[in-house]
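Shown next: entry-v4.txt, given as compact mmCIF, C-alpha atoms and all ligand atoms.
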# COMPACT_ATOMS: atom_id res chain seq x y z
CA MET A 27 -0.49 22.66 -30.08
CA SER A 28 0.67 26.17 -29.29
CA CYS A 29 3.41 26.76 -26.79
CA SER A 30 1.10 28.05 -24.10
CA ARG A 31 -1.24 25.10 -24.61
CA ILE A 32 1.64 22.69 -24.19
CA ALA A 33 2.71 24.61 -21.13
CA SER A 34 -0.72 24.39 -19.55
CA PHE A 35 -0.94 20.69 -20.42
CA VAL A 36 2.39 20.05 -18.75
CA TYR A 37 1.22 22.13 -15.83
CA LEU A 38 -1.93 20.01 -15.45
CA LEU A 39 0.07 16.80 -15.64
CA THR A 40 2.44 18.09 -12.99
CA LEU A 41 -0.43 19.19 -10.82
CA ALA A 42 -2.13 15.81 -11.19
CA SER A 43 1.00 13.94 -10.18
CA LEU A 44 1.64 16.32 -7.28
CA LEU A 45 -1.91 15.84 -6.07
CA GLN A 46 -1.48 12.11 -6.21
CA THR A 47 1.71 12.35 -4.20
CA ALA A 48 0.15 14.79 -1.78
CA PHE A 49 -3.07 12.94 -1.17
CA GLY A 50 -2.14 9.36 -1.70
CA LEU A 51 -3.99 6.66 -3.53
CA ARG A 52 -6.97 5.93 -1.30
CA HIS A 53 -8.06 5.77 2.31
CA ASN A 54 -10.72 3.98 4.31
CA CYS A 55 -12.14 5.08 7.64
CA SER A 56 -13.25 2.13 9.71
CA ASP A 57 -16.47 1.94 11.66
CA THR A 58 -15.06 0.19 14.73
CA GLY A 59 -15.67 3.21 16.96
CA SER A 60 -15.17 6.92 17.49
CA PHE A 61 -13.44 9.02 20.11
CA SER A 62 -13.95 12.62 21.24
CA ALA A 63 -11.50 15.48 21.24
CA GLY A 64 -9.31 15.28 24.33
CA ASP A 65 -9.91 11.53 24.92
CA PRO A 66 -6.82 9.52 25.89
CA TYR A 67 -7.31 7.65 22.60
CA GLU A 68 -6.47 10.83 20.69
CA ALA A 69 -3.19 11.28 22.55
CA ASN A 70 -2.32 7.60 22.11
CA LEU A 71 -3.01 7.79 18.39
CA LYS A 72 -0.82 10.87 18.09
CA GLN A 73 1.97 9.08 19.92
CA LEU A 74 1.54 6.03 17.72
CA ILE A 75 1.84 8.06 14.51
CA GLU A 76 4.97 9.74 15.88
CA TYR A 77 6.46 6.35 16.73
CA LEU A 78 5.68 4.96 13.27
CA SER A 79 7.09 8.07 11.58
CA ASN A 80 10.35 7.66 13.47
CA GLN A 81 10.75 3.88 13.48
CA THR A 82 9.44 2.76 10.09
CA PRO A 83 12.14 4.34 7.87
CA GLN A 84 14.95 2.24 9.41
CA THR A 85 13.64 -1.10 8.15
CA GLY A 86 10.61 -0.13 6.06
CA PHE A 87 8.21 -1.52 8.61
CA GLY A 88 6.97 -0.48 12.04
CA ARG A 89 4.22 -1.57 14.37
CA ARG A 90 3.16 -0.79 17.89
CA ALA A 91 0.28 -0.77 20.34
CA ILE A 92 -0.09 2.14 22.75
CA GLY A 93 -2.47 2.66 25.68
CA GLN A 94 -4.62 0.50 27.91
CA ASN A 95 -8.05 -1.08 27.66
CA GLN A 96 -10.53 0.88 25.56
CA ASN A 97 -7.90 3.52 24.83
CA ARG A 98 -5.45 1.05 23.31
CA VAL A 99 -4.56 1.73 19.69
CA TYR A 100 -2.75 -0.70 17.36
CA GLY A 101 -0.94 0.55 14.32
CA LEU A 102 1.53 -0.29 11.62
CA ALA A 103 3.29 1.34 8.70
CA LEU A 104 4.93 -0.30 5.72
CA CYS A 105 7.04 1.23 2.98
CA ARG A 106 7.42 -0.27 -0.45
CA GLY A 107 10.45 -2.54 -0.44
CA ASP A 108 12.49 -0.47 -2.86
CA VAL A 109 12.07 3.05 -1.46
CA SER A 110 14.85 4.84 0.40
CA SER A 111 14.47 5.47 4.12
CA GLU A 112 14.20 9.17 3.33
CA ASP A 113 11.26 8.68 0.95
CA CYS A 114 9.80 6.22 3.43
CA LYS A 115 9.90 8.80 6.19
CA THR A 116 8.31 11.51 4.03
CA CYS A 117 5.54 9.12 3.04
CA VAL A 118 4.74 7.82 6.54
CA VAL A 119 4.76 11.31 8.07
CA ARG A 120 2.45 12.60 5.37
CA ALA A 121 0.10 9.61 5.42
CA GLY A 122 -0.06 9.64 9.21
CA ASN A 123 -0.94 13.33 9.39
CA GLU A 124 -3.39 13.21 6.54
CA ILE A 125 -5.33 10.17 7.62
CA ARG A 126 -6.25 11.79 10.93
CA GLN A 127 -7.77 14.68 8.96
CA LEU A 128 -9.51 12.39 6.48
CA CYS A 129 -11.01 10.20 9.23
CA PRO A 130 -11.45 12.61 12.16
CA TYR A 131 -12.34 10.95 15.48
CA LYS A 132 -12.41 7.49 13.91
CA LYS A 133 -10.68 4.86 16.00
CA GLY A 134 -9.51 3.00 12.93
CA ALA A 135 -8.36 3.89 9.42
CA ILE A 136 -6.04 2.94 6.60
CA HIS A 137 -4.24 5.16 4.11
CA TRP A 138 -2.46 3.91 1.01
CA TYR A 139 0.23 5.77 -0.83
CA ASP A 140 2.40 4.67 -3.70
CA TYR A 141 5.36 4.37 -1.33
CA CYS A 142 3.73 3.44 1.96
CA LEU A 143 0.75 2.35 3.94
CA VAL A 144 -0.38 3.47 7.40
CA LYS A 145 -3.06 1.59 9.32
CA TYR A 146 -4.43 1.80 12.87
CA SER A 147 -7.33 0.39 14.82
CA ASN A 148 -8.72 -0.04 18.31
CA ILE A 149 -9.04 -3.73 17.45
CA HIS A 150 -5.98 -5.96 17.63
CA PHE A 151 -5.18 -6.88 14.03
CA PHE A 152 -1.49 -7.82 14.04
CA GLY A 153 -0.77 -11.15 12.39
CA GLN A 154 -4.16 -11.38 10.74
CA ILE A 155 -4.79 -11.19 7.02
CA ASP A 156 -6.84 -8.10 6.23
CA ASN A 157 -9.56 -9.12 3.78
CA GLN A 158 -11.67 -6.00 4.36
CA ASN A 159 -9.57 -3.23 2.93
CA LYS A 160 -8.66 -3.56 -0.70
CA LEU A 161 -8.20 -1.48 -3.79
CA TYR A 162 -7.55 -2.09 -7.48
CA LEU A 163 -5.53 0.17 -9.73
CA VAL A 164 -5.00 -0.58 -13.40
CA ASN A 165 -3.31 0.56 -16.56
CA PRO A 166 -6.22 0.29 -19.03
CA ASN A 167 -4.13 -0.50 -22.12
CA THR A 168 -4.98 -3.98 -23.32
CA VAL A 169 -2.48 -6.74 -24.01
CA SER A 170 -2.48 -10.29 -25.37
CA GLU A 171 -3.76 -13.41 -23.66
CA ALA A 172 -0.17 -14.68 -23.53
CA TYR A 173 1.01 -11.55 -21.69
CA SER A 174 -1.74 -12.07 -19.10
CA ARG A 175 -0.71 -15.70 -18.53
CA GLN A 176 2.92 -14.67 -18.10
CA THR A 177 1.87 -12.00 -15.62
CA GLU A 178 0.32 -14.63 -13.42
CA GLY A 179 3.45 -16.74 -13.71
CA LEU A 180 5.69 -13.85 -12.68
CA LEU A 181 3.52 -12.84 -9.73
CA SER A 182 3.27 -16.43 -8.46
CA LEU A 183 7.03 -16.67 -8.56
CA LEU A 184 7.36 -13.36 -6.70
CA ALA A 185 4.78 -14.51 -4.13
CA ASN A 186 6.96 -17.53 -3.36
CA GLU A 187 10.06 -15.38 -3.22
CA ALA A 188 8.56 -12.71 -0.94
CA SER A 189 7.10 -15.20 1.52
CA ALA A 190 10.34 -17.16 1.63
CA ASP A 191 12.17 -14.12 3.02
CA PRO A 192 10.59 -13.32 6.42
CA SER A 193 12.93 -10.39 7.01
CA SER A 194 11.49 -8.45 4.08
CA LEU A 195 8.35 -10.24 2.81
CA TYR A 196 9.11 -8.39 -0.40
CA ALA A 197 10.20 -9.41 -3.87
CA SER A 198 10.53 -7.76 -7.24
CA GLY A 199 11.54 -9.06 -10.63
CA GLU A 200 10.90 -9.15 -14.33
CA ILE A 201 10.38 -11.63 -17.14
CA GLN A 202 10.85 -11.47 -20.86
CA VAL A 203 7.65 -11.84 -22.84
CA SER A 204 7.80 -11.83 -26.63
CA GLY A 205 10.64 -10.07 -28.41
CA SER A 206 12.10 -7.36 -26.22
CA ALA A 207 8.93 -6.79 -24.19
CA LYS A 208 9.13 -7.40 -20.45
CA ILE A 209 6.78 -7.56 -17.51
CA TYR A 210 7.97 -6.01 -14.26
CA GLY A 211 6.42 -6.96 -10.95
CA LEU A 212 6.56 -6.73 -7.19
CA THR A 213 4.89 -8.46 -4.27
CA GLN A 214 4.94 -7.44 -0.61
CA CYS A 215 3.29 -8.25 2.73
CA THR A 216 3.13 -6.37 6.01
CA ARG A 217 5.71 -7.92 8.31
CA ASP A 218 3.28 -8.74 11.11
CA LEU A 219 2.24 -11.73 8.95
CA SER A 220 3.95 -15.12 9.11
CA SER A 221 5.58 -16.42 5.93
CA SER A 222 2.72 -18.82 5.34
CA ASP A 223 0.06 -16.15 5.85
CA CYS A 224 1.99 -13.86 3.53
CA LYS A 225 1.86 -16.56 0.88
CA LYS A 226 -1.84 -17.11 1.54
CA CYS A 227 -2.54 -13.36 1.29
CA LEU A 228 -0.61 -12.99 -1.97
CA ASP A 229 -2.13 -16.12 -3.53
CA ARG A 230 -5.56 -14.78 -2.76
CA ILE A 231 -5.01 -11.41 -4.44
CA ILE A 232 -3.20 -13.03 -7.39
CA ASP A 233 -6.33 -15.16 -7.85
CA GLU A 234 -8.12 -11.87 -8.49
CA LEU A 235 -6.07 -11.15 -11.61
CA PRO A 236 -8.93 -12.10 -13.97
CA LYS A 237 -11.24 -9.80 -12.00
CA CYS A 238 -8.97 -6.77 -11.65
CA CYS A 239 -6.66 -6.93 -14.58
CA ASN A 240 -7.86 -9.22 -17.33
CA ARG A 241 -5.68 -8.52 -20.38
CA LEU A 242 -4.51 -5.20 -18.98
CA ALA A 243 -0.94 -3.99 -19.39
CA GLY A 244 -0.57 -3.08 -15.72
CA GLY A 245 -2.39 -3.58 -12.46
CA ARG A 246 -2.27 -3.58 -8.70
CA VAL A 247 -4.28 -5.21 -5.98
CA ILE A 248 -3.48 -3.53 -2.68
CA SER A 249 -4.93 -4.86 0.55
CA GLY A 250 -4.24 -3.97 4.16
CA SER A 251 -1.84 -6.92 4.45
CA CYS A 252 -0.30 -7.56 1.04
CA ASN A 253 -0.11 -6.20 -2.46
CA PHE A 254 1.18 -6.84 -5.93
CA ARG A 255 1.90 -4.63 -8.89
CA TYR A 256 2.92 -5.40 -12.44
CA GLU A 257 3.64 -3.12 -15.35
CA SER A 258 5.09 -3.23 -18.84
CA PHE A 259 7.72 -0.68 -17.78
CA PRO A 260 10.27 -0.67 -14.95
CA PHE A 261 8.83 1.07 -11.88
CA VAL A 262 10.92 -0.39 -9.07
CA LYS A 263 13.85 1.72 -7.97
CA ALA A 264 17.23 0.09 -8.48
C1 LIG B 301 -13.57 0.00 3.60
O1 LIG B 301 -14.01 -0.70 4.74
C2 LIG B 301 -15.27 -1.32 4.61
C3 LIG B 301 -15.68 -1.89 5.96
O2 LIG B 301 -14.65 -2.59 6.57
C4 LIG B 301 -15.21 -2.35 3.52
O3 LIG B 301 -16.44 -3.01 3.35
C5 LIG B 301 -14.79 -1.67 2.20
O4 LIG B 301 -14.64 -2.62 1.18
C6 LIG B 301 -13.47 -0.94 2.41
N1 LIG B 301 -13.07 -0.20 1.22
C7 LIG B 301 -11.83 -0.27 0.72
C8 LIG B 301 -11.52 0.58 -0.47
O5 LIG B 301 -10.96 -0.98 1.19
Here is a file; write its structure as structure tokens.
Amino acid sequence: MSCSRIASFVYLLTLASLLQTAFGLRHNCSDTGSFSAGDPYEANLKQLIEYLSNQTPQTGFGRRAIGQNQNRVYGLALCRGDVSSEDCKTCVVRAGNEIRQLCPYKKGAIHWYDYCLVKYSNIHFFGQIDNQNKLYLVNPNTVSEAYSRQTEGLLSLLANEASADPSSLYASGEIQVSGSAKIYGLTQCTRDLSSSDCKKCLDRIIDELPKCCNRLAGGRVISGSCNFRYESFPFVKA
């Protein structure tokens, strides 16, 4: 490859990763209702996003309901358990601003980033496992049957660990596979869930391993209430 070719390749890679950071992983606009410009719902939603942007970074989780009756909006934000409060803030602010442009006038929506999740709705959803919103992301490199079995073992362990700690509902860890190879994983739930519902949520998505990630080197199942990720390389910040 010539120098300029390498340069443009690097440029494309950089652009691709910037775009992913800028636009997040995925979003979903819900069909639970719409509002019009100037409705009280719009102002309540704006206030909610501001609240979440300010409150979430302190602990990595925020939730609130604002407004009355049909103008009441429920929302939460969650940052990945290992990100700094600074990165958490950047992520929630960005996701909160972007989602309102991606789902204009929708009363409910969810936006997933690598580092955070922002969700709101006109329907009370706190404390309930979200089985509607879900996304799979994979590393398509294939691995051995044994690696896949160990992945399930690691994630089950991390599901127990996360749900046993109600203050974080988060766990990360690694296991040795063969030789020097390792599998790195994390599990996390939104902190409106009880410990037992967190466990239930994680068990359910871990059951999807054969469907999402059969013999794949890395994978994620990300729902509105819980998620896991595993990779063959360290991805959790120290
Ligand atoms: C988006 O929401 C709809 C309706 O709730 C659901 O059927 C669909 O699976 C969701 N998509 C994602 C990516 O979560």
Selection within 8 Å of ligand LIG 301 (chain B) by all atoms listed in the file, output as a compact mmCIF listing (two decimals) with C-alpha atoms, in the coordinates of the input:
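Saved file out-v3.txt follows:
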# COMPACT_ATOMS: atom_id res chain seq x y z
CA ARG A 52 -6.97 5.93 -1.30
CA HIS A 53 -8.06 5.77 2.31
CA ASN A 54 -10.72 3.98 4.31
CA CYS A 55 -12.14 5.08 7.64
CA SER A 56 -13.25 2.13 9.71
CA ASP A 57 -16.47 1.94 11.66
CA GLN A 158 -11.67 -6.00 4.36
CA ASN A 159 -9.57 -3.23 2.93
CA LYS A 160 -8.66 -3.56 -0.70
CA LEU A 161 -8.20 -1.48 -3.79
CA SER A 249 -4.93 -4.86 0.55
CA GLY A 250 -4.24 -3.97 4.16
Residues of segment 165-237 of chain A within 8 Å of segment 106-111 of chain A: nearest atom pair and distance (Å, one decimal) for each, counting all atoms listed in the file, sorted by chain and number, as CSV?
residue,atom,partner,partner_atom,distance
A:Ser194,CA,A:Gly107,CA,7.5
A:Tyr196,CA,A:Gly107,CA,6.0
A:Ala197,CA,A:Gly107,CA,7.7
A:Gln214,CA,A:Gly107,CA,7.4
Query raised in the report: Leaving out segment 204-211 of chain A and any residue of its chain fewer than 5 positions from it, which residues lie within 7 Å of it when counting all atoms listed in the file, given as a list in words?
Result: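 Here the qualifying residues turn out to be Thr177, Leu181, Ser198, Gly199, Arg255, Tyr256, Glu257, Ser258, Phe259 and Pro260 of chain A.
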Query - Exercise: Ser79 of chain A partners within 7 Å, all atoms listed in the file, chain neighbours under 3 positions left out, as a ChimeraX atom specification - result: /A:75-76,82,115,118-119
**Report entry** Protein/DNA/RNA residues near (-8.4, 8.9, 12.2), cut 12 Å, only C-alpha atoms, as a VMD selection string
**Finding:** chain A and resid 53 to 63 67 to 72 74 to 75 99 101 121 to 137 144 to 148
Requested in this report: Report the distance between atom CA of Cys117 of chain A and atom CA of Tyr139 of chain A in Å, rounded to one decimal place.
Outcome: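 Straight-line distance from atom CA of Cys117 of chain A to atom CA of Tyr139 of chain A works out to 7.4 Å.
Between atom CA of Cys142 of chain A and atom CA of Leu242 of chain A the separation is 24.1 Å.
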Quick one: residues within 6 Å of Asn165 of chain A, all atoms listed in the file counted, chain neighbours fewer than 6 positions away excluded, as an mmCIF file with C-alpha atoms, in the coordinates of the input?
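The result, written out as around32.cif:
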data_model
loop_
_atom_site.group_PDB
_atom_site.id
_atom_site.type_symbol
_atom_site.label_atom_id
_atom_site.label_comp_id
_atom_site.auth_asym_id
_atom_site.auth_seq_id
_atom_site.Cartn_x
_atom_site.Cartn_y
_atom_site.Cartn_z
ATOM 1 C CA ALA A 243 -0.940 -3.990 -19.390
ATOM 2 C CA GLY A 244 -0.570 -3.080 -15.720
ATOM 3 C CA GLY A 245 -2.390 -3.580 -12.460
#
Test item: residues at most 9 Å from Pro192 of chain A, only C-alpha atoms, excluding those fewer than 2 positions along its chain, as an mmCIF file with C-alpha atoms, in the coordinates of the input:
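And here is the file that came out, around_30.cif:
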data_model
loop_
_atom_site.group_PDB
_atom_site.id
_atom_site.type_symbol
_atom_site.label_atom_id
_atom_site.label_comp_id
_atom_site.auth_asym_id
_atom_site.auth_seq_id
_atom_site.Cartn_x
_atom_site.Cartn_y
_atom_site.Cartn_z
ATOM 1 C CA ALA A 188 8.560 -12.710 -0.940
ATOM 2 C CA SER A 189 7.100 -15.200 1.520
ATOM 3 C CA ALA A 190 10.340 -17.160 1.630
ATOM 4 C CA SER A 194 11.490 -8.450 4.080
ATOM 5 C CA LEU A 195 8.350 -10.240 2.810
ATOM 6 C CA TYR A 196 9.110 -8.390 -0.400
ATOM 7 C CA ARG A 217 5.710 -7.920 8.310
ATOM 8 C CA LEU A 219 2.240 -11.730 8.950
ATOM 9 C CA SER A 220 3.950 -15.120 9.110
ATOM 10 C CA SER A 221 5.580 -16.420 5.930
#
Report task. Measure the distance from atom CA of Ala185 of chain A to atom CA of Thr116 of chain A in Å and round it to one decimal. Result ->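 Value for the atom CA of Ala185 of chain A-atom CA of Thr116 of chain A distance: 27.5 Å.
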Report task. Do a neighbour search on Arg89 of chain A at 7 Å with only C-alpha atoms, toss out local chain neighbours closer than 6 positions, and write the hits as a PyMOL selection string. Result -> chain A and resi 78+101-103
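Closest to Asp223 of chain A among A:Arg175, A:Leu163, A:Leu184, A:Asp156 is A:Asp156, based on all atoms listed in the file.
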Query - For Gly50 of chain A, the nearest of the candidates A:Leu143, A:Ile248, A:Ile149, A:Leu104, counting all atoms listed in the file - result: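 Answer, going by the shortest atom-to-atom distance: A:Leu143.
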